[in-house]
Amino acid sequence: MIKYKGTTLYPPAMIDILNNFDTIEDYIIIISTNDLGTDEILIRIAVKQESEAFLYKIKDHFRAKLRVTPKIEFNSKEELHSLIYNPMSRKPIHFFDNRKNAL
């Protein structure tokens, strides 16, 4: 469970939103703690073609479904691939919880 800007979010809800877009090739969701001690969400995505219009569309979709907009940044597919398919894990990892007080 993530408390973000006064809204409770669950990772599967964010994953479902990202899976609705065919143009997203890969993604990771990173949860961390900011200087104030609250949760921060960063979504790194690899897309077929980067554009401001597509970024706005994703943010608008998050706002409509979850009432908040996380920080989203574009990355290369190769960069995300190395994080998702860690040789130490059998399964792909799309969610990283880097919070200080993570349970």
# chains A, B, ... in the order shown; residues from 1 in each chain; ligands from 1

call {"tool": "residues_around", "arguments": {"residues": "A:Ile93", "least_positions_apart": "3", "cutoff": "8 Å", "atoms": "only C-alpha atoms", "output": "ChimeraX atom specification"}}
result
/A:28,83-86,96

call {"tool": "residues_around", "arguments": {"residues": "A:Ala46", "least_positions_apart": "2", "cutoff": "8 Å", "atoms": "only C-alpha atoms", "output": "PDB file with all heavy atoms, in the first residue's frame"}}
result
ATOM      1  N   ILE A  24       3.525   1.231 -24.666  1.00  0.00           N
ATOM      2  CA  ILE A  24       4.517   1.074 -23.591  1.00  0.00           C
ATOM      3  C   ILE A  24       5.139  -0.317 -23.736  1.00  0.00           C
ATOM      4  O   ILE A  24       4.457  -1.328 -23.641  1.00  0.00           O
ATOM      5  CB  ILE A  24       3.887   1.254 -22.198  1.00  0.00           C
ATOM      6  CG1 ILE A  24       3.379   2.678 -22.025  1.00  0.00           C
ATOM      7  CG2 ILE A  24       4.902   0.908 -21.109  1.00  0.00           C
ATOM      8  CD1 ILE A  24       2.696   2.942 -20.693  1.00  0.00           C
ATOM      9  N   GLU A  25       6.444  -0.335 -23.962  1.00  0.00           N
ATOM     10  CA  GLU A  25       7.144  -1.603 -24.147  1.00  0.00           C
ATOM     11  C   GLU A  25       7.571  -2.212 -22.821  1.00  0.00           C
ATOM     12  O   GLU A  25       7.497  -3.420 -22.634  1.00  0.00           O
ATOM     13  CB  GLU A  25       8.360  -1.391 -25.043  1.00  0.00           C
ATOM     14  CG  GLU A  25       7.994  -0.953 -26.445  1.00  0.00           C
ATOM     15  CD  GLU A  25       9.212  -0.663 -27.301  1.00  0.00           C
ATOM     16  OE1 GLU A  25      10.199  -0.128 -26.761  1.00  0.00           O
ATOM     17  OE2 GLU A  25       9.165  -0.968 -28.497  1.00  0.00           O
ATOM     18  N   ASP A  26       8.077  -1.404 -21.912  1.00  0.00           N
ATOM     19  CA  ASP A  26       8.501  -1.852 -20.588  1.00  0.00           C
ATOM     20  C   ASP A  26       8.321  -0.723 -19.597  1.00  0.00           C
ATOM     21  O   ASP A  26       8.273   0.444 -19.986  1.00  0.00           O
ATOM     22  CB  ASP A  26       9.977  -2.275 -20.590  1.00  0.00           C
ATOM     23  CG  ASP A  26      10.145  -3.779 -20.636  1.00  0.00           C
ATOM     24  OD1 ASP A  26       9.240  -4.486 -20.173  1.00  0.00           O
ATOM     25  OD2 ASP A  26      11.188  -4.235 -21.124  1.00  0.00           O
ATOM     26  N   TYR A  27       8.243  -1.064 -18.319  1.00  0.00           N
ATOM     27  CA  TYR A  27       8.099  -0.046 -17.285  1.00  0.00           C
ATOM     28  C   TYR A  27       8.585  -0.590 -15.961  1.00  0.00           C
ATOM     29  O   TYR A  27       8.630  -1.808 -15.742  1.00  0.00           O
ATOM     30  CB  TYR A  27       6.635   0.411 -17.153  1.00  0.00           C
ATOM     31  CG  TYR A  27       5.710  -0.707 -16.735  1.00  0.00           C
ATOM     32  CD1 TYR A  27       5.514  -1.017 -15.400  1.00  0.00           C
ATOM     33  CD2 TYR A  27       5.060  -1.490 -17.687  1.00  0.00           C
ATOM     34  CE1 TYR A  27       4.690  -2.058 -15.021  1.00  0.00           C
ATOM     35  CE2 TYR A  27       4.235  -2.523 -17.323  1.00  0.00           C
ATOM     36  CZ  TYR A  27       4.050  -2.804 -15.983  1.00  0.00           C
ATOM     37  OH  TYR A  27       3.239  -3.844 -15.609  1.00  0.00           O
ATOM     38  N   ARG A  44       9.193   4.791 -14.621  1.00  0.00           N
ATOM     39  CA  ARG A  44      10.117   4.875 -15.762  1.00  0.00           C
ATOM     40  C   ARG A  44       9.571   3.968 -16.847  1.00  0.00           C
ATOM     41  O   ARG A  44       9.345   2.778 -16.602  1.00  0.00           O
ATOM     42  CB  ARG A  44      11.514   4.460 -15.336  1.00  0.00           C
ATOM     43  CG  ARG A  44      12.098   5.399 -14.288  1.00  0.00           C
ATOM     44  CD  ARG A  44      13.360   4.874 -13.669  1.00  0.00           C
ATOM     45  NE  ARG A  44      14.423   4.746 -14.656  1.00  0.00           N
ATOM     46  CZ  ARG A  44      15.605   4.208 -14.380  1.00  0.00           C
ATOM     47  NH1 ARG A  44      15.879   3.755 -13.158  1.00  0.00           N
ATOM     48  NH2 ARG A  44      16.527   4.110 -15.313  1.00  0.00           N
ATOM     49  N   LYS A  48       7.576   3.122 -27.722  1.00  0.00           N
ATOM     50  CA  LYS A  48       8.010   3.008 -29.112  1.00  0.00           C
ATOM     51  C   LYS A  48       8.415   4.367 -29.674  1.00  0.00           C
ATOM     52  O   LYS A  48       9.376   4.472 -30.411  1.00  0.00           O
ATOM     53  CB  LYS A  48       6.898   2.383 -29.947  1.00  0.00           C
ATOM     54  CG  LYS A  48       6.605   0.958 -29.524  1.00  0.00           C
ATOM     55  CD  LYS A  48       5.426   0.376 -30.247  1.00  0.00           C
ATOM     56  CE  LYS A  48       5.147  -1.023 -29.697  1.00  0.00           C
ATOM     57  NZ  LYS A  48       3.892  -1.567 -30.102  1.00  0.00           N
ATOM     58  N   PHE A  74      10.771   9.021 -19.387  1.00  0.00           N
ATOM     59  CA  PHE A  74      11.101   8.077 -20.454  1.00  0.00           C
ATOM     60  C   PHE A  74      12.510   7.530 -20.261  1.00  0.00           C
ATOM     61  O   PHE A  74      13.412   8.252 -19.857  1.00  0.00           O
ATOM     62  CB  PHE A  74      11.020   8.768 -21.816  1.00  0.00           C
ATOM     63  CG  PHE A  74       9.628   9.161 -22.209  1.00  0.00           C
ATOM     64  CD1 PHE A  74       9.270  10.492 -22.332  1.00  0.00           C
ATOM     65  CD2 PHE A  74       8.664   8.204 -22.484  1.00  0.00           C
ATOM     66  CE1 PHE A  74       7.994  10.866 -22.697  1.00  0.00           C
ATOM     67  CE2 PHE A  74       7.381   8.558 -22.857  1.00  0.00           C
ATOM     68  CZ  PHE A  74       7.046   9.898 -22.964  1.00  0.00           C
ATOM     69  N   ASN A  75      12.682   6.257 -20.559  1.00  0.00           N
ATOM     70  CA  ASN A  75      13.981   5.588 -20.533  1.00  0.00           C
ATOM     71  C   ASN A  75      14.077   4.650 -21.728  1.00  0.00           C
ATOM     72  O   ASN A  75      13.071   4.317 -22.343  1.00  0.00           O
ATOM     73  CB  ASN A  75      14.167   4.771 -19.246  1.00  0.00           C
ATOM     74  CG  ASN A  75      14.382   5.631 -18.029  1.00  0.00           C
ATOM     75  OD1 ASN A  75      13.479   5.791 -17.229  1.00  0.00           O
ATOM     76  ND2 ASN A  75      15.558   6.194 -17.892  1.00  0.00           N
ATOM     77  N   SER A  76      15.291   4.195 -21.992  1.00  0.00           N
ATOM     78  CA  SER A  76      15.457   3.242 -23.090  1.00  0.00           C
ATOM     79  C   SER A  76      15.012   1.849 -22.632  1.00  0.00           C
ATOM     80  O   SER A  76      15.056   1.517 -21.447  1.00  0.00           O
ATOM     81  CB  SER A  76      16.912   3.195 -23.539  1.00  0.00           C
ATOM     82  OG  SER A  76      17.710   2.614 -22.536  1.00  0.00           O
ATOM     83  N   LYS A  77      14.602   1.049 -23.584  1.00  0.00           N
ATOM     84  CA  LYS A  77      14.154  -0.310 -23.285  1.00  0.00           C
ATOM     85  C   LYS A  77      15.291  -1.148 -22.704  1.00  0.00           C
ATOM     86  O   LYS A  77      15.084  -1.940 -21.796  1.00  0.00           O
ATOM     87  CB  LYS A  77      13.598  -0.950 -24.554  1.00  0.00           C
ATOM     88  CG  LYS A  77      12.971  -2.289 -24.307  1.00  0.00           C
ATOM     89  CD  LYS A  77      12.324  -2.834 -25.559  1.00  0.00           C
ATOM     90  CE  LYS A  77      11.692  -4.180 -25.270  1.00  0.00           C
ATOM     91  NZ  LYS A  77      11.021  -4.720 -26.440  1.00  0.00           N
ATOM     92  N   LEU A  80      15.854  -0.351 -18.936  1.00  0.00           N
ATOM     93  CA  LEU A  80      14.829  -0.948 -18.084  1.00  0.00           C
ATOM     94  C   LEU A  80      14.934  -2.468 -18.081  1.00  0.00           C
ATOM     95  O   LEU A  80      14.702  -3.103 -17.052  1.00  0.00           O
ATOM     96  CB  LEU A  80      13.436  -0.512 -18.548  1.00  0.00           C
ATOM     97  CG  LEU A  80      13.111   0.967 -18.410  1.00  0.00           C
ATOM     98  CD1 LEU A  80      11.685   1.222 -18.875  1.00  0.00           C
ATOM     99  CD2 LEU A  80      13.303   1.454 -16.992  1.00  0.00           C
TER     100      LEU A  80
END

call {"tool": "closest_residue", "arguments": {"among": "A:Ile45, A:Tyr4, A:Ile29, A:His61", "to": "A:Glu79", "atoms": "only C-alpha atoms"}}
result
A:Ile45

call {"tool": "closest_residue", "arguments": {"among": "A:Ser32, A:Thr8, A:Thr38, A:Asn20", "to": "A:Leu66", "atoms": "only C-alpha atoms"}}
result
A:Thr8

call {"tool": "select_by_dssp", "arguments": {"residues": "chain A", "states": "strand (DSSP E)", "output": "MDAnalysis selection string"}}
result
chainID A and resid 2:4 7:9 24:33 39:47 71:74 95:98

call {"tool": "write_last_selection", "arguments": {"atoms": "C-alpha atoms", "output": "PDB file, in the first residue's frame"}}
result
ATOM      1  CA  ILE A   2       1.257   3.456  -0.909  1.00  0.00           C
ATOM      2  CA  LYS A   3       0.060   6.710   0.581  1.00  0.00           C
ATOM      3  CA  TYR A   4       0.649   9.357  -2.109  1.00  0.00           C
ATOM      4  CA  THR A   7      -4.543   9.011  -1.642  1.00  0.00           C
ATOM      5  CA  THR A   8      -4.044   5.319  -0.933  1.00  0.00           C
ATOM      6  CA  LEU A   9      -2.706   3.460  -3.956  1.00  0.00           C
ATOM      7  CA  ILE A  24       4.517   1.074 -23.591  1.00  0.00           C
ATOM      8  CA  GLU A  25       7.144  -1.603 -24.147  1.00  0.00           C
ATOM      9  CA  ASP A  26       8.501  -1.852 -20.588  1.00  0.00           C
ATOM     10  CA  TYR A  27       8.099  -0.046 -17.285  1.00  0.00           C
ATOM     11  CA  ILE A  28       9.206  -0.023 -13.681  1.00  0.00           C
ATOM     12  CA  ILE A  29       7.557   1.610 -10.697  1.00  0.00           C
ATOM     13  CA  ILE A  30       9.894   2.940  -8.018  1.00  0.00           C
ATOM     14  CA  ILE A  31       8.570   3.946  -4.604  1.00  0.00           C
ATOM     15  CA  SER A  32      10.863   5.969  -2.353  1.00  0.00           C
ATOM     16  CA  THR A  33      10.736   8.291   0.642  1.00  0.00           C
ATOM     17  CA  ASP A  39       6.077   8.421  -0.322  1.00  0.00           C
ATOM     18  CA  GLU A  40       7.212   9.393  -3.819  1.00  0.00           C
ATOM     19  CA  ILE A  41       6.341   7.492  -6.994  1.00  0.00           C
ATOM     20  CA  LEU A  42       8.535   7.447 -10.090  1.00  0.00           C
ATOM     21  CA  ILE A  43       7.435   5.499 -13.149  1.00  0.00           C
ATOM     22  CA  ARG A  44      10.117   4.875 -15.762  1.00  0.00           C
ATOM     23  CA  ILE A  45       8.732   3.767 -19.114  1.00  0.00           C
ATOM     24  CA  ALA A  46      10.140   2.672 -22.446  1.00  0.00           C
ATOM     25  CA  VAL A  47       7.875   3.520 -25.361  1.00  0.00           C
ATOM     26  CA  LYS A  71       6.258  11.453 -11.841  1.00  0.00           C
ATOM     27  CA  ILE A  72       6.819   9.734 -15.193  1.00  0.00           C
ATOM     28  CA  GLU A  73      10.032   9.706 -17.205  1.00  0.00           C
ATOM     29  CA  PHE A  74      11.101   8.077 -20.454  1.00  0.00           C
ATOM     30  CA  PHE A  95       7.962  -2.798  -8.757  1.00  0.00           C
ATOM     31  CA  PHE A  96      10.808  -1.503  -6.577  1.00  0.00           C
ATOM     32  CA  ASP A  97      10.110  -0.362  -3.011  1.00  0.00           C
ATOM     33  CA  ASN A  98      13.013   1.791  -1.798  1.00  0.00           C
TER      34      ASN A  98
END

call {"tool": "residues_around", "arguments": {"residues": "A:Tyr56", "least_positions_apart": "3", "cutoff": "12 Å", "atoms": "only C-alpha atoms", "output": "JSON, numbers by chain"}}
result
{"A": [50, 51, 52, 53, 59, 60, 61, 62, 63, 69, 70, 71, 72, 73]}

call {"tool": "write_last_selection", "arguments": {"atoms": "N, CA, C and O atoms", "output": "JSON list (two decimals), in the first residue's frame"}}
result
[["chain", "number", "residue", "atom", "x", "y", "z"],
["A", 50, "GLU", "N", 8.64, 8.47, -28.14],
["A", 50, "GLU", "CA", 8.43, 9.44, -27.08],
["A", 50, "GLU", "C", 7.78, 10.71, -27.63],
["A", 50, "GLU", "O", 8.15, 11.17, -28.71],
["A", 51, "SER", "N", 6.81, 11.23, -26.86],
["A", 51, "SER", "CA", 6.20, 12.51, -27.22],
["A", 51, "SER", "C", 5.56, 13.12, -25.98],
["A", 51, "SER", "O", 5.14, 12.40, -25.06],
["A", 52, "GLU", "N", 5.48, 14.43, -25.98],
["A", 52, "GLU", "CA", 4.84, 15.13, -24.88],
["A", 52, "GLU", "C", 3.34, 14.82, -24.84],
["A", 52, "GLU", "O", 2.75, 14.74, -23.78],
["A", 53, "ALA", "N", 2.74, 14.64, -26.01],
["A", 53, "ALA", "CA", 1.32, 14.32, -26.07],
["A", 53, "ALA", "C", 1.03, 12.97, -25.40],
["A", 53, "ALA", "O", 0.04, 12.82, -24.67],
["A", 59, "LYS", "N", -0.47, 10.67, -18.03],
["A", 59, "LYS", "CA", -0.74, 11.40, -16.78],
["A", 59, "LYS", "C", -2.23, 11.64, -16.61],
["A", 59, "LYS", "O", -2.76, 11.52, -15.50],
["A", 60, "ASP", "N", -2.91, 11.98, -17.68],
["A", 60, "ASP", "CA", -4.35, 12.21, -17.62],
["A", 60, "ASP", "C", -5.10, 10.93, -17.26],
["A", 60, "ASP", "O", -6.05, 10.95, -16.49],
["A", 61, "HIS", "N", -4.63, 9.80, -17.77],
["A", 61, "HIS", "CA", -5.25, 8.50, -17.46],
["A", 61, "HIS", "C", -5.06, 8.17, -15.97],
["A", 61, "HIS", "O", -5.99, 7.69, -15.32],
["A", 62, "PHE", "N", -3.86, 8.42, -15.42],
["A", 62, "PHE", "CA", -3.63, 8.20, -14.00],
["A", 62, "PHE", "C", -4.54, 9.10, -13.16],
["A", 62, "PHE", "O", -5.11, 8.67, -12.17],
["A", 63, "ARG", "N", -4.65, 10.36, -13.56],
["A", 63, "ARG", "CA", -5.47, 11.31, -12.83],
["A", 63, "ARG", "C", -6.94, 10.87, -12.83],
["A", 63, "ARG", "O", -7.63, 10.97, -11.81],
["A", 69, "THR", "N", -1.26, 12.03, -9.99],
["A", 69, "THR", "CA", -0.36, 11.82, -11.13],
["A", 69, "THR", "C", 1.05, 11.63, -10.61],
["A", 69, "THR", "O", 1.64, 12.56, -10.05],
["A", 70, "PRO", "N", 1.62, 10.45, -10.75],
["A", 70, "PRO", "CA", 3.01, 10.24, -10.34],
["A", 70, "PRO", "C", 3.98, 10.86, -11.33],
["A", 70, "PRO", "O", 3.58, 11.25, -12.44],
["A", 71, "LYS", "N", 5.23, 10.96, -10.94],
["A", 71, "LYS", "CA", 6.26, 11.45, -11.84],
["A", 71, "LYS", "C", 6.57, 10.34, -12.85],
["A", 71, "LYS", "O", 6.78, 9.20, -12.47],
["A", 72, "ILE", "N", 6.58, 10.71, -14.13],
["A", 72, "ILE", "CA", 6.82, 9.73, -15.19],
["A", 72, "ILE", "C", 7.98, 10.23, -16.04],
["A", 72, "ILE", "O", 8.03, 11.41, -16.40],
["A", 73, "GLU", "N", 8.92, 9.33, -16.33],
["A", 73, "GLU", "CA", 10.03, 9.71, -17.21],
["A", 73, "GLU", "C", 10.29, 8.60, -18.22],
["A", 73, "GLU", "O", 10.04, 7.42, -17.96]]

call {"tool": "atom_distance", "arguments": {"atom1": "atom CA of A:Thr23", "atom2": "atom CA of A:Ile58"}}
result
10.9 Å

call {"tool": "select_by_dssp", "arguments": {"residues": "stretch 62-92 of chain A", "states": "alpha helix (DSSP H)", "output": "list in words"}}
result
Phe62, Arg63, Ala64, Lys65, Leu66, Lys77, Glu78, Glu79, Leu80, His81, Ser82, Leu83 and Ile84 of chain A

call {"tool": "write_last_selection", "arguments": {"atoms": "all heavy atoms", "output": "mmCIF file, in the first residue's frame"}}
result
data_model
loop_
_atom_site.group_PDB
_atom_site.id
_atom_site.type_symbol
_atom_site.label_atom_id
_atom_site.label_comp_id
_atom_site.auth_asym_id
_atom_site.auth_seq_id
_atom_site.Cartn_x
_atom_site.Cartn_y
_atom_site.Cartn_z
ATOM 1 N N PHE A 62 -3.862 8.424 -15.425
ATOM 2 C CA PHE A 62 -3.626 8.205 -13.995
ATOM 3 C C PHE A 62 -4.539 9.103 -13.163
ATOM 4 O O PHE A 62 -5.114 8.668 -12.171
ATOM 5 C CB PHE A 62 -2.158 8.484 -13.634
ATOM 6 C CG PHE A 62 -1.283 7.262 -13.677
ATOM 7 C CD1 PHE A 62 -0.534 6.975 -14.801
ATOM 8 C CD2 PHE A 62 -1.206 6.402 -12.596
ATOM 9 C CE1 PHE A 62 0.265 5.859 -14.853
ATOM 10 C CE2 PHE A 62 -0.417 5.281 -12.628
ATOM 11 C CZ PHE A 62 0.326 5.003 -13.764
ATOM 12 N N ARG A 63 -4.652 10.361 -13.562
ATOM 13 C CA ARG A 63 -5.475 11.312 -12.829
ATOM 14 C C ARG A 63 -6.940 10.875 -12.828
ATOM 15 O O ARG A 63 -7.632 10.970 -11.811
ATOM 16 C CB ARG A 63 -5.338 12.704 -13.466
ATOM 17 C CG ARG A 63 -5.668 13.835 -12.565
ATOM 18 C CD ARG A 63 -5.371 15.196 -13.190
ATOM 19 N NE ARG A 63 -3.996 15.298 -13.650
ATOM 20 C CZ ARG A 63 -3.642 15.483 -14.922
ATOM 21 N NH1 ARG A 63 -4.542 15.610 -15.865
ATOM 22 N NH2 ARG A 63 -2.374 15.561 -15.255
ATOM 23 N N ALA A 64 -7.415 10.353 -13.955
ATOM 24 C CA ALA A 64 -8.804 9.922 -14.058
ATOM 25 C C ALA A 64 -9.080 8.669 -13.231
ATOM 26 O O ALA A 64 -10.120 8.562 -12.580
ATOM 27 C CB ALA A 64 -9.158 9.668 -15.523
ATOM 28 N N LYS A 65 -8.138 7.721 -13.240
ATOM 29 C CA LYS A 65 -8.366 6.445 -12.551
ATOM 30 C C LYS A 65 -8.000 6.473 -11.071
ATOM 31 O O LYS A 65 -8.682 5.856 -10.249
ATOM 32 C CB LYS A 65 -7.563 5.330 -13.240
ATOM 33 C CG LYS A 65 -7.960 5.072 -14.663
ATOM 34 C CD LYS A 65 -9.264 4.352 -14.744
ATOM 35 C CE LYS A 65 -9.575 4.025 -16.191
ATOM 36 N NZ LYS A 65 -10.852 3.364 -16.341
ATOM 37 N N LEU A 66 -6.892 7.154 -10.722
ATOM 38 C CA LEU A 66 -6.382 7.088 -9.343
ATOM 39 C C LEU A 66 -6.430 8.426 -8.598
ATOM 40 O O LEU A 66 -6.058 8.483 -7.433
ATOM 41 C CB LEU A 66 -4.938 6.569 -9.351
ATOM 42 C CG LEU A 66 -4.715 5.191 -9.966
ATOM 43 C CD1 LEU A 66 -3.242 4.846 -9.953
ATOM 44 C CD2 LEU A 66 -5.515 4.142 -9.224
ATOM 45 N N LYS A 77 14.602 1.049 -23.584
ATOM 46 C CA LYS A 77 14.154 -0.310 -23.285
ATOM 47 C C LYS A 77 15.291 -1.148 -22.704
ATOM 48 O O LYS A 77 15.084 -1.940 -21.796
ATOM 49 C CB LYS A 77 13.598 -0.950 -24.554
ATOM 50 C CG LYS A 77 12.971 -2.289 -24.307
ATOM 51 C CD LYS A 77 12.324 -2.834 -25.559
ATOM 52 C CE LYS A 77 11.692 -4.180 -25.270
ATOM 53 N NZ LYS A 77 11.021 -4.720 -26.440
ATOM 54 N N GLU A 78 16.512 -0.947 -23.210
ATOM 55 C CA GLU A 78 17.662 -1.708 -22.736
ATOM 56 C C GLU A 78 17.976 -1.398 -21.273
ATOM 57 O O GLU A 78 18.322 -2.285 -20.491
ATOM 58 C CB GLU A 78 18.891 -1.421 -23.602
ATOM 59 C CG GLU A 78 18.790 -1.905 -25.020
ATOM 60 C CD GLU A 78 17.916 -1.009 -25.902
ATOM 61 O OE1 GLU A 78 17.772 0.195 -25.583
ATOM 62 O OE2 GLU A 78 17.372 -1.514 -26.892
ATOM 63 N N GLU A 79 17.858 -0.130 -20.912
ATOM 64 C CA GLU A 79 18.129 0.280 -19.525
ATOM 65 C C GLU A 79 17.125 -0.353 -18.564
ATOM 66 O O GLU A 79 17.497 -0.864 -17.507
ATOM 67 C CB GLU A 79 18.070 1.803 -19.432
ATOM 68 C CG GLU A 79 18.511 2.362 -18.103
ATOM 69 C CD GLU A 79 18.492 3.881 -18.087
ATOM 70 O OE1 GLU A 79 18.286 4.500 -19.135
ATOM 71 O OE2 GLU A 79 18.675 4.425 -16.991
ATOM 72 N N LEU A 80 15.854 -0.351 -18.936
ATOM 73 C CA LEU A 80 14.829 -0.948 -18.084
ATOM 74 C C LEU A 80 14.934 -2.468 -18.081
ATOM 75 O O LEU A 80 14.702 -3.103 -17.052
ATOM 76 C CB LEU A 80 13.436 -0.512 -18.548
ATOM 77 C CG LEU A 80 13.111 0.967 -18.410
ATOM 78 C CD1 LEU A 80 11.685 1.222 -18.875
ATOM 79 C CD2 LEU A 80 13.303 1.454 -16.992
ATOM 80 N N HIS A 81 15.288 -3.038 -19.208
ATOM 81 C CA HIS A 81 15.408 -4.492 -19.321
ATOM 82 C C HIS A 81 16.422 -5.053 -18.317
ATOM 83 O O HIS A 81 16.199 -6.098 -17.709
ATOM 84 C CB HIS A 81 15.800 -4.866 -20.760
ATOM 85 C CG HIS A 81 15.734 -6.322 -21.035
ATOM 86 N ND1 HIS A 81 14.549 -6.979 -21.258
ATOM 87 C CD2 HIS A 81 16.710 -7.263 -21.114
ATOM 88 C CE1 HIS A 81 14.789 -8.260 -21.461
ATOM 89 N NE2 HIS A 81 16.089 -8.458 -21.389
ATOM 90 N N SER A 82 17.527 -4.321 -18.123
ATOM 91 C CA SER A 82 18.549 -4.795 -17.181
ATOM 92 C C SER A 82 18.049 -4.764 -15.735
ATOM 93 O O SER A 82 18.494 -5.550 -14.907
ATOM 94 C CB SER A 82 19.822 -3.966 -17.316
ATOM 95 O OG SER A 82 19.598 -2.635 -16.907
ATOM 96 N N LEU A 83 17.114 -3.874 -15.416
ATOM 97 C CA LEU A 83 16.553 -3.812 -14.063
ATOM 98 C C LEU A 83 15.419 -4.821 -13.872
ATOM 99 O O LEU A 83 15.297 -5.446 -12.818
ATOM 100 C CB LEU A 83 16.046 -2.399 -13.768
ATOM 101 C CG LEU A 83 17.097 -1.299 -13.730
ATOM 102 C CD1 LEU A 83 16.428 0.065 -13.684
ATOM 103 C CD2 LEU A 83 18.018 -1.485 -12.546
ATOM 104 N N ILE A 84 14.599 -4.972 -14.880
ATOM 105 C CA ILE A 84 13.433 -5.861 -14.779
ATOM 106 C C ILE A 84 13.847 -7.326 -14.713
ATOM 107 O O ILE A 84 13.347 -8.095 -13.901
ATOM 108 C CB ILE A 84 12.475 -5.624 -15.962
ATOM 109 C CG1 ILE A 84 11.878 -4.223 -15.868
ATOM 110 C CG2 ILE A 84 11.379 -6.678 -16.003
ATOM 111 C CD1 ILE A 84 11.119 -3.785 -17.105
#

call {"tool": "closest_residue", "arguments": {"among": "A:Met14, A:Lys5, A:Phe21, A:Asn34", "to": "A:Arg99", "atoms": "only C-alpha atoms"}}
result
A:Asn34

call {"tool": "decode", "arguments": {"residues": "stretch 37-61 of chain A", "atoms": "C-alpha atoms", "output": "PDB file, in the first residue's frame"}}
result
ATOM      1  CA  GLY A  37       9.200  11.402   4.970  1.00  0.00           C
ATOM      2  CA  THR A  38       6.296  10.887   2.552  1.00  0.00           C
ATOM      3  CA  ASP A  39       6.077   8.421  -0.322  1.00  0.00           C
ATOM      4  CA  GLU A  40       7.212   9.393  -3.819  1.00  0.00           C
ATOM      5  CA  ILE A  41       6.341   7.492  -6.994  1.00  0.00           C
ATOM      6  CA  LEU A  42       8.535   7.447 -10.090  1.00  0.00           C
ATOM      7  CA  ILE A  43       7.435   5.499 -13.149  1.00  0.00           C
ATOM      8  CA  ARG A  44      10.117   4.875 -15.762  1.00  0.00           C
ATOM      9  CA  ILE A  45       8.732   3.767 -19.114  1.00  0.00           C
ATOM     10  CA  ALA A  46      10.140   2.672 -22.446  1.00  0.00           C
ATOM     11  CA  VAL A  47       7.875   3.520 -25.361  1.00  0.00           C
ATOM     12  CA  LYS A  48       8.010   3.008 -29.112  1.00  0.00           C
ATOM     13  CA  GLN A  49       7.997   6.763 -29.753  1.00  0.00           C
ATOM     14  CA  GLU A  50       8.427   9.443 -27.075  1.00  0.00           C
ATOM     15  CA  SER A  51       6.204  12.511 -27.219  1.00  0.00           C
ATOM     16  CA  GLU A  52       4.835  15.134 -24.876  1.00  0.00           C
ATOM     17  CA  ALA A  53       1.316  14.315 -26.070  1.00  0.00           C
ATOM     18  CA  PHE A  54       1.710  10.670 -25.033  1.00  0.00           C
ATOM     19  CA  LEU A  55       3.156  11.690 -21.658  1.00  0.00           C
ATOM     20  CA  TYR A  56       0.157  13.965 -21.092  1.00  0.00           C
ATOM     21  CA  LYS A  57      -2.190  11.131 -22.095  1.00  0.00           C
ATOM     22  CA  ILE A  58      -0.632   8.773 -19.531  1.00  0.00           C
ATOM     23  CA  LYS A  59      -0.737  11.397 -16.781  1.00  0.00           C
ATOM     24  CA  ASP A  60      -4.345  12.212 -17.625  1.00  0.00           C
ATOM     25  CA  HIS A  61      -5.247   8.499 -17.456  1.00  0.00           C
TER      26      HIS A  61
END
